[in-house]
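Participant: Structure: target-v4.txt, compact mmCIF, C-alpha atoms.
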# COMPACT_ATOMS: atom_id res chain seq x y z
CA MET Q 31 -18.52 -10.96 -38.69
CA GLN Q 32 -21.08 -11.71 -36.05
CA THR Q 33 -22.33 -9.49 -33.27
CA THR Q 34 -23.28 -11.19 -30.03
CA ALA Q 35 -26.08 -10.04 -27.77
CA GLY Q 36 -23.41 -8.79 -25.40
CA GLY Q 37 -22.37 -6.25 -28.01
CA PHE Q 38 -19.13 -7.91 -29.05
CA GLU Q 39 -18.13 -8.08 -32.65
CA VAL Q 40 -16.53 -11.41 -33.00
CA GLY Q 41 -15.75 -13.74 -35.80
CA LYS Q 42 -17.33 -16.73 -34.18
CA SER Q 43 -20.37 -17.51 -32.10
CA ARG Q 44 -18.68 -17.75 -28.73
CA LEU Q 45 -16.03 -15.75 -26.97
CA THR Q 46 -13.63 -17.62 -24.72
CA CYS Q 47 -11.87 -15.76 -21.95
CA LEU Q 48 -9.13 -16.57 -19.44
CA ILE Q 49 -9.30 -14.57 -16.20
CA VAL Q 50 -5.94 -14.34 -14.41
CA ASP Q 51 -5.88 -12.85 -10.92
CA ASP Q 52 -4.54 -14.04 -7.58
CA SER Q 53 -7.56 -12.52 -5.85
CA ALA Q 54 -10.50 -14.90 -5.52
CA PHE Q 55 -12.74 -11.85 -5.25
CA MET Q 56 -11.48 -10.36 -8.52
CA ARG Q 57 -11.89 -13.65 -10.35
CA PHE Q 58 -15.46 -13.81 -8.98
CA ARG Q 59 -16.12 -10.20 -9.97
CA LEU Q 60 -14.68 -10.51 -13.48
CA ARG Q 61 -16.47 -13.79 -14.08
CA ARG Q 62 -19.74 -12.14 -13.06
CA LEU Q 63 -19.12 -9.29 -15.47
CA MET Q 64 -18.22 -11.68 -18.26
CA ASP Q 65 -21.26 -13.81 -17.52
CA SER Q 66 -23.43 -10.74 -17.94
CA PHE Q 67 -22.41 -10.76 -21.60
CA GLU Q 68 -23.95 -13.53 -23.63
CA ASN Q 69 -21.99 -16.24 -25.42
CA VAL Q 70 -18.93 -15.90 -23.22
CA ILE Q 71 -17.13 -18.86 -21.69
CA ALA Q 72 -14.75 -17.81 -18.93
CA THR Q 73 -12.09 -19.87 -17.20
CA GLU Q 74 -9.75 -18.83 -14.42
CA ALA Q 75 -6.13 -18.97 -13.35
CA SER Q 76 -4.84 -17.71 -10.01
CA ASN Q 77 -1.21 -17.04 -10.94
CA GLY Q 78 1.12 -16.55 -13.86
CA VAL Q 79 2.34 -20.14 -14.08
CA GLU Q 80 -1.20 -21.47 -14.11
CA ALA Q 81 -2.11 -18.86 -16.71
CA LEU Q 82 0.63 -20.07 -19.06
CA SER Q 83 -0.60 -23.62 -18.71
CA GLU Q 84 -4.26 -22.72 -19.20
CA TYR Q 85 -3.50 -20.46 -22.14
CA GLY Q 86 -1.60 -23.24 -23.89
CA ARG Q 87 -4.39 -25.69 -23.23
CA LEU Q 88 -7.36 -23.50 -24.13
CA ARG Q 89 -6.06 -20.80 -26.49
CA PRO Q 90 -8.80 -18.38 -25.36
CA ASP Q 91 -9.92 -15.47 -27.53
CA ILE Q 92 -8.98 -12.97 -24.83
CA VAL Q 93 -7.08 -12.87 -21.54
CA LEU Q 94 -7.81 -10.57 -18.60
CA MET Q 95 -4.53 -10.24 -16.73
CA ASP Q 96 -3.72 -8.81 -13.29
CA ILE Q 97 -0.27 -7.34 -12.66
CA VAL Q 98 0.58 -7.76 -8.98
CA MET Q 99 0.63 -11.48 -8.27
CA PRO Q 100 2.95 -13.62 -6.15
CA GLY Q 101 5.52 -15.54 -8.13
CA LEU Q 102 5.27 -14.89 -11.84
CA GLU Q 103 3.67 -11.44 -12.08
CA GLY Q 104 1.34 -10.24 -14.82
CA VAL Q 105 3.60 -8.30 -17.17
CA GLU Q 106 6.12 -11.12 -17.45
CA THR Q 107 3.28 -13.59 -17.93
CA VAL Q 108 1.99 -11.53 -20.84
CA ARG Q 109 5.47 -11.43 -22.32
CA ARG Q 110 5.67 -15.24 -22.21
CA ILE Q 111 2.17 -15.75 -23.59
CA ARG Q 112 2.91 -13.43 -26.49
CA ALA Q 113 6.23 -15.13 -27.12
CA ALA Q 114 4.37 -18.40 -27.47
CA ASP Q 115 1.46 -16.97 -29.45
CA ARG Q 116 1.86 -13.68 -31.29
CA THR Q 117 -1.90 -13.53 -31.86
CA ALA Q 118 -2.76 -13.55 -28.13
CA ARG Q 119 -5.14 -10.77 -27.15
CA VAL Q 120 -4.48 -9.63 -23.61
CA ILE Q 121 -6.20 -6.93 -21.56
CA MET Q 122 -4.33 -5.82 -18.43
CA VAL Q 123 -6.59 -5.22 -15.44
CA SER Q 124 -4.84 -3.52 -12.54
CA SER Q 125 -5.05 -0.79 -9.96
CA LEU Q 126 -1.44 0.08 -10.80
CA SER Q 127 -2.17 2.43 -13.67
CA TYR Q 128 0.77 4.84 -13.67
CA GLN Q 129 2.17 5.70 -17.06
CA GLU Q 130 5.40 3.72 -16.80
CA LYS Q 131 3.55 0.55 -15.74
CA VAL Q 132 0.96 0.92 -18.49
CA GLU Q 133 3.71 1.39 -21.07
CA GLU Q 134 5.57 -1.63 -19.70
CA ALA Q 135 2.44 -3.77 -20.01
CA LEU Q 136 1.76 -2.60 -23.56
CA ALA Q 137 5.39 -3.16 -24.53
CA ALA Q 138 5.11 -6.71 -23.19
CA GLY Q 139 2.26 -7.32 -25.61
CA ALA Q 140 -0.95 -6.32 -23.84
CA LEU Q 141 -3.35 -4.60 -26.22
CA CYS Q 142 -5.33 -2.64 -23.69
CA PHE Q 143 -5.22 -1.56 -20.05
CA ILE Q 144 -8.18 -0.98 -17.75
CA PRO Q 145 -7.88 0.19 -14.15
CA LYS Q 146 -9.57 -1.45 -11.19
CA PRO Q 147 -12.27 -1.26 -10.01
CA VAL Q 148 -13.63 -2.57 -13.31
CA THR Q 149 -16.97 -1.43 -14.64
CA THR Q 150 -19.14 -3.29 -17.14
CA GLU Q 151 -18.76 -0.48 -19.65
CA ALA Q 152 -14.97 -0.34 -19.39
CA LEU Q 153 -14.71 -4.09 -19.82
CA ARG Q 154 -17.08 -4.21 -22.77
CA ASP Q 155 -15.22 -1.35 -24.45
CA ALA Q 156 -11.84 -2.99 -23.87
CA ILE Q 157 -13.00 -6.32 -25.27
CA ASN Q 158 -14.46 -4.69 -28.33
CA ARG Q 159 -11.21 -2.84 -28.92
CA VAL Q 160 -8.91 -5.83 -28.57
CA LEU Q 161 -11.11 -8.01 -30.75
CA VAL Q 162 -10.76 -5.62 -33.66
CA ALA Q 163 -7.09 -4.82 -33.00
CA THR Q 164 -4.48 -6.06 -35.43
CA VAL Q 165 -2.04 -8.35 -33.69
CA VAL Q 166 1.33 -9.11 -35.23
CA MET G 806 8.12 10.01 6.53
CA ARG G 807 7.16 12.05 3.47
CA LEU G 808 3.78 13.49 4.40
CA GLY G 809 2.84 14.00 0.76
CA PHE G 810 3.02 10.24 0.28
CA VAL G 811 0.94 9.63 3.39
CA LYS G 812 -1.72 12.10 2.26
CA THR G 813 -1.88 10.41 -1.13
CA PHE G 814 -2.42 7.00 0.49
CA VAL G 815 -5.16 8.32 2.74
CA ASP G 816 -6.90 10.37 0.04
CA ALA G 817 -6.81 7.58 -2.54
CA SER G 818 -8.04 5.08 0.03
CA ALA G 819 -10.94 7.28 1.14
CA GLU G 820 -11.86 7.88 -2.50
CA LEU G 821 -11.75 4.19 -3.40
CA ILE G 822 -13.65 3.15 -0.29
CA GLY G 823 -16.30 5.72 -1.19
CA GLU G 824 -16.68 4.18 -4.64
CA VAL G 825 -17.04 0.71 -3.18
CA ALA G 826 -18.79 1.20 0.16
CA GLY G 827 -21.02 4.14 -0.71
CA PRO G 828 -20.34 7.79 -1.41
CA SER G 829 -20.94 9.06 2.12
CA VAL G 830 -17.36 8.98 3.38
CA LYS G 831 -15.95 11.24 6.08
CA MET G 832 -12.45 11.52 7.39
CA GLY G 833 -12.15 10.86 11.10
CA ALA G 834 -9.23 11.38 13.43
CA VAL G 835 -5.67 11.35 12.12
CA SER G 836 -2.89 10.58 14.57
CA MET G 837 0.75 9.58 14.74
CA ARG G 838 1.47 6.44 16.74
CA GLU G 839 4.38 4.26 17.66
CA ARG G 840 2.65 1.19 16.22
CA PRO G 841 -0.28 0.46 13.88
CA ASP G 842 -3.82 0.69 15.26
CA VAL G 843 -5.09 -2.80 14.51
CA GLY G 844 -7.10 -5.54 16.16
CA GLY G 845 -10.51 -4.89 14.64
CA GLY G 846 -10.70 -8.43 13.36
CA VAL G 847 -9.90 -8.07 9.66
CA THR G 848 -6.42 -6.76 8.94
CA THR G 849 -4.84 -6.47 5.49
CA VAL G 850 -1.17 -5.62 5.06
CA VAL G 851 0.39 -4.38 1.83
CA CYS G 852 4.17 -4.04 1.80
CA LEU G 853 5.87 -1.26 -0.12
CA SER G 854 9.33 -1.08 -1.59
CA GLY G 855 11.35 1.34 -3.65
CA GLU G 856 11.85 4.98 -2.67
CA ALA G 857 9.47 4.57 0.25
CA GLN G 858 9.67 1.32 2.16
CA GLY G 859 7.24 0.05 4.73
CA ARG G 860 3.64 -1.03 4.76
CA VAL G 861 0.06 0.16 4.62
CA ILE G 862 -2.42 -1.67 6.84
CA PHE G 863 -6.20 -1.63 6.53
CA ASP G 864 -8.01 -2.61 9.70
CA LEU G 865 -11.77 -3.15 10.04
CA ASP G 866 -14.05 -4.80 12.52
CA ILE G 867 -15.86 -7.88 11.30
CA LEU G 868 -19.25 -6.22 10.90
CA THR G 869 -17.79 -3.45 8.76
CA ALA G 870 -15.92 -6.00 6.67
CA LEU G 871 -19.12 -7.97 6.11
CA GLN G 872 -21.04 -4.85 5.10
CA ILE G 873 -18.37 -3.70 2.64
CA ALA G 874 -17.97 -7.21 1.24
CA LYS G 875 -21.72 -7.40 0.74
CA ARG G 876 -21.56 -4.34 -1.50
CA MET G 877 -18.53 -5.64 -3.37
CA LEU G 878 -19.94 -9.13 -3.87
CA GLY G 879 -23.52 -8.07 -4.47
CA GLU G 880 -24.77 -10.54 -1.89
CA PRO G 881 -24.51 -11.09 1.87
CA SER G 882 -22.06 -13.58 3.33
CA PRO G 883 -22.78 -15.86 6.27
CA GLY G 884 -19.60 -14.84 8.05
CA LEU G 885 -15.94 -14.08 7.57
CA THR G 886 -15.54 -16.44 4.63
CA PRO G 887 -12.42 -16.65 2.46
CA MET G 888 -14.32 -14.68 -0.21
CA VAL G 889 -15.07 -11.87 2.26
CA ARG G 890 -11.40 -11.75 3.26
CA SER G 891 -10.42 -11.71 -0.39
CA ALA G 892 -12.79 -8.83 -1.11
CA ILE G 893 -11.36 -6.75 1.73
CA ALA G 894 -7.82 -7.57 0.64
CA GLU G 895 -8.69 -6.43 -2.87
CA LEU G 896 -10.19 -3.23 -1.49
CA ALA G 897 -6.85 -2.45 0.16
CA SER G 898 -4.93 -3.47 -2.93
CA MET G 899 -7.01 -1.24 -5.21
CA ALA G 900 -6.70 1.72 -2.86
CA ILE G 901 -2.95 1.41 -2.49
CA GLY G 902 -2.53 0.74 -6.20
CA ARG G 903 -4.38 3.94 -6.97
CA ALA G 904 -2.20 5.86 -4.51
CA LEU G 905 0.99 4.40 -5.97
CA SER G 906 -0.15 5.30 -9.48
CA ARG G 907 -0.38 8.95 -8.43
CA ILE G 908 2.88 8.85 -6.51
CA ASN G 909 4.76 7.23 -9.39
CA ASP G 910 3.23 9.53 -11.99
CA SER G 911 4.69 12.40 -9.97
CA GLY G 912 8.19 11.01 -10.52
CA ALA G 913 8.78 8.68 -7.59
CA CYS G 914 9.29 4.92 -7.78
CA VAL G 915 7.42 2.89 -5.20
CA THR G 916 6.12 -0.64 -5.74
CA MET G 917 3.71 -2.86 -3.82
CA GLY G 918 3.41 -6.53 -3.02
CA PRO G 919 0.23 -8.61 -2.99
CA PRO G 920 -2.08 -7.92 -0.03
CA VAL G 921 -1.89 -10.30 2.90
CA VAL G 922 -4.91 -10.80 5.14
CA LEU G 923 -3.91 -11.54 8.71
CA ALA G 924 -5.79 -13.51 11.30
CA GLY G 925 -6.63 -12.25 14.77
CA GLU G 926 -3.21 -12.82 16.29
CA TYR G 927 -1.69 -9.74 14.64
CA ARG G 928 -1.32 -6.85 17.06
CA GLY G 929 0.65 -4.39 15.00
CA GLU G 930 4.17 -5.29 16.01
CA ASN G 931 6.48 -2.46 15.09
CA THR G 932 9.18 -4.51 13.43
CA ALA G 933 10.06 -1.77 10.98
CA GLY G 934 11.07 0.66 13.70
CA PHE G 935 9.33 3.77 12.43
CA GLU G 936 6.14 5.61 13.31
CA THR G 937 2.69 5.05 11.87
CA MET G 938 0.19 7.63 10.67
CA VAL G 939 -3.30 6.36 11.45
CA ALA G 940 -6.33 7.78 9.64
CA ALA G 941 -9.91 6.73 10.28
CA VAL G 942 -12.31 6.75 7.35
CA MET G 943 -15.98 6.73 8.34
CA THR G 944 -18.14 4.95 5.77
CA GLU G 945 -21.78 3.94 5.50
CA CYS G 946 -20.60 0.44 6.41
CA GLY G 947 -18.49 1.41 9.43
CA GLU G 948 -14.97 2.62 10.15
CA VAL G 949 -11.87 1.69 8.20
CA ARG G 950 -8.53 2.47 9.83
CA ILE G 951 -5.67 3.14 7.45
CA ASN G 952 -2.19 2.75 8.94
CA VAL G 953 0.69 4.12 6.92
CA SER G 954 4.17 3.16 8.14
CA ILE G 955 6.75 4.19 5.59
CA GLN G 956 10.35 5.21 5.62
CA ASP G 957 11.33 7.71 2.98
CA LEU G 958 14.70 6.74 1.51
CA HIS G 959 15.33 10.11 -0.17
How does this structure look as structure tokens?

Facilitator:
Amino acid sequence: MQTTAGGFEVGKSRLTCLIVDDSAFMRFRLRRLMDSFENVIATEASNGVEALSEYGRLRPDIVLMDIVMPGLEGVETVRRIRAADRTARVIMVSSLSYQEKVEEALAAGALCFIPKPVTTEALRDAINRVLVATVV
Amino acid sequence: MRLGFVKTFVDASAELIGEVAGPSVKMGAVSMRERPDVGGGVTTVVCLSGEAQGRVIFDLDILTALQIAKRMLGEPSPGLTPMVRSAIAELASMAIGRALSRINDSGACVTMGPPVVLAGEYRGENTAGFETMVAAVMTECGEVRINVSIQDLH
């Protein structure tokens, strides 16, 4: 197992990430945070439908997923990604962090939940946790 | 209007704005009005549904929006760009999301839609038919007016 300069423990040299958020600002912000870690390649989707398409095309190592989005919202998008790929590693990123919503997201297949606004430390910790999590 | 809900929206918003725009945040005047206090130039509306229906509106003047966006983006913007509008919309979304998390953890069920940034033509039409609590939050970047217009269904 390799350790990147960004502190991730990953089984390969690069970490690929799909950022899903309808907010252009949040995609910008999350991409900046991801870019601050080395060996990360981030791509973006601005809604759930686009996320499903990009996930199928790229099969990223991790997904950062918003909840409140027009059209196909985040929890249902996670459910569909996990139905298509049981090994998908998804981190929910949302300001809606009440217990019922967090439980709903985890039940849909997300492995971790971090509240907005996102800090570098919270994101790094979440990525480290989902990368070592057992997915079934 | 359930005042506990309104207080949660205002408190969570002030707290979130403080985290984003700088810690020196003071509450200004709070008033009840027939319609939202908007027209500053950058207006973001978030609609609510569930046990409390209505909307929360963030209203800022352009200079304040640019200053807050500069802190959120980490760089100045040449004007009211789509990215600046998106940053302000996200500020409102995060604040209301935090408020709803507290409200729902206390046993209620209120949900929110995506934030919508409105252009200058919006003047706070009172289509919902109920009053608005307006709270001014004074930040290092300028004033943010938070308009809470909700109808309690219980």

Participant: Using all atoms listed in the file and a cut-off of 8 Å, which residues of chain Q sit close to chain G? Please list them as a short mmCIF file (atom, residue, chain, number, x, y, z; two decimals) with C-alpha atoms, in the coordinates of the input.

Facilitator:
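Output saved as selection-v9.cif:
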data_model
loop_
_atom_site.label_atom_id
_atom_site.label_comp_id
_atom_site.auth_asym_id
_atom_site.auth_seq_id
_atom_site.Cartn_x
_atom_site.Cartn_y
_atom_site.Cartn_z
CA SER Q 53 -7.56 -12.52 -5.85
CA ALA Q 54 -10.50 -14.90 -5.52
CA PHE Q 55 -12.74 -11.85 -5.25
CA MET Q 56 -11.48 -10.36 -8.52
CA ARG Q 59 -16.12 -10.20 -9.97
CA VAL Q 98 0.58 -7.76 -8.98
CA MET Q 99 0.63 -11.48 -8.27
CA PRO Q 100 2.95 -13.62 -6.15
CA SER Q 124 -4.84 -3.52 -12.54
CA SER Q 125 -5.05 -0.79 -9.96
CA LEU Q 126 -1.44 0.08 -10.80
CA SER Q 127 -2.17 2.43 -13.67
CA TYR Q 128 0.77 4.84 -13.67
CA GLN Q 129 2.17 5.70 -17.06
CA GLU Q 130 5.40 3.72 -16.80
CA LYS Q 146 -9.57 -1.45 -11.19
CA PRO Q 147 -12.27 -1.26 -10.01
#

Participant: Please, what distance in Å, to one decimal, runs between atom CA of Met837 of chain G and atom CA of Asp866 of chain G?

Facilitator: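 A separation of 20.8 Å between them.
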
Participant: Give me, as a list in words, all polymer residues having an atom no more than 9 Å from segment 132-138 of chain Q, counting all atoms listed in the file and skipping those fewer than 3 positions away in the same chain.

Facilitator: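 The residues that qualify are Ile97, Gly104, Val105, Glu106, Thr107, Val108, Arg109, Arg110, Arg112, Met122, Leu126, Ser127, Tyr128, Gln129, Leu141, Cys142 and Phe143 of chain Q.
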
Participant: Using only C-alpha atoms for the distances, tell me which of Q:Leu102, Q:Val148, Q:Cys47, Q:Leu63 is nearest to Arg119 of chain Q.

Facilitator: Q:Cys47

Participant: Mind giving me the straight-line distance from atom CA of Glu856 of chain G to atom CA of Val953 of chain G in Å, one decimal?

Facilitator: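 About the pair atom CA of Glu856 of chain G and atom CA of Val953 of chain G: they are 14.7 Å apart.
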
Participant: Can you work out the spacing between atom CA of Arg807 of chain G and atom CA of Ala819 of chain G in Å, to one decimal?

Facilitator: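 Separating atom CA of Arg807 of chain G from atom CA of Ala819 of chain G is a distance of 18.9 Å.
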
Participant: Just checking: using all atoms listed in the file, which residue out of Q:Ile92, Q:Val166, Q:Val123, Q:Val79 ends up closest to Leu60 of chain Q?

Facilitator: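 Among the listed residues, Q:Val123 lies closest to Leu60 of chain Q.
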
Participant: Rank G:Ile873, G:Ala913, G:Val861, G:Met938 by their smallest atom-to-atom distance to Thr848 of chain G, using all atoms listed in the file, and report the top residue only.

Facilitator: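 Result for the nearest residue to Thr848 of chain G: G:Val861.
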
Participant: Closest to Asn69 of chain Q among Q:Ile49, Q:Arg44, Q:Arg89, Q:Glu103, using all atoms listed in the file?

Facilitator: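 Ranked by minimum distance to Asn69 of chain Q, first place goes to Q:Arg44.
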
Participant: Using all atoms listed in the file, determine which residues lie at most 6 Å from Ile951 of chain G, disregarding the query and same-chain residues fewer than 6 positions distant; provide the list as a ChimeraX atom specification.

Facilitator: /G:862-863,939-940

Participant: For the residues in that selection, give me C-alpha atoms as a PDB file, in the coordinates of the input.

Facilitator:
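Output below, filename selection.pdb:
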ATOM      1  CA  ILE G 862      -2.420  -1.670   6.840  1.00  0.00           C
ATOM      2  CA  PHE G 863      -6.200  -1.630   6.530  1.00  0.00           C
ATOM      3  CA  VAL G 939      -3.300   6.360  11.450  1.00  0.00           C
ATOM      4  CA  ALA G 940      -6.330   7.780   9.640  1.00  0.00           C
TER       5      ALA G 940
END
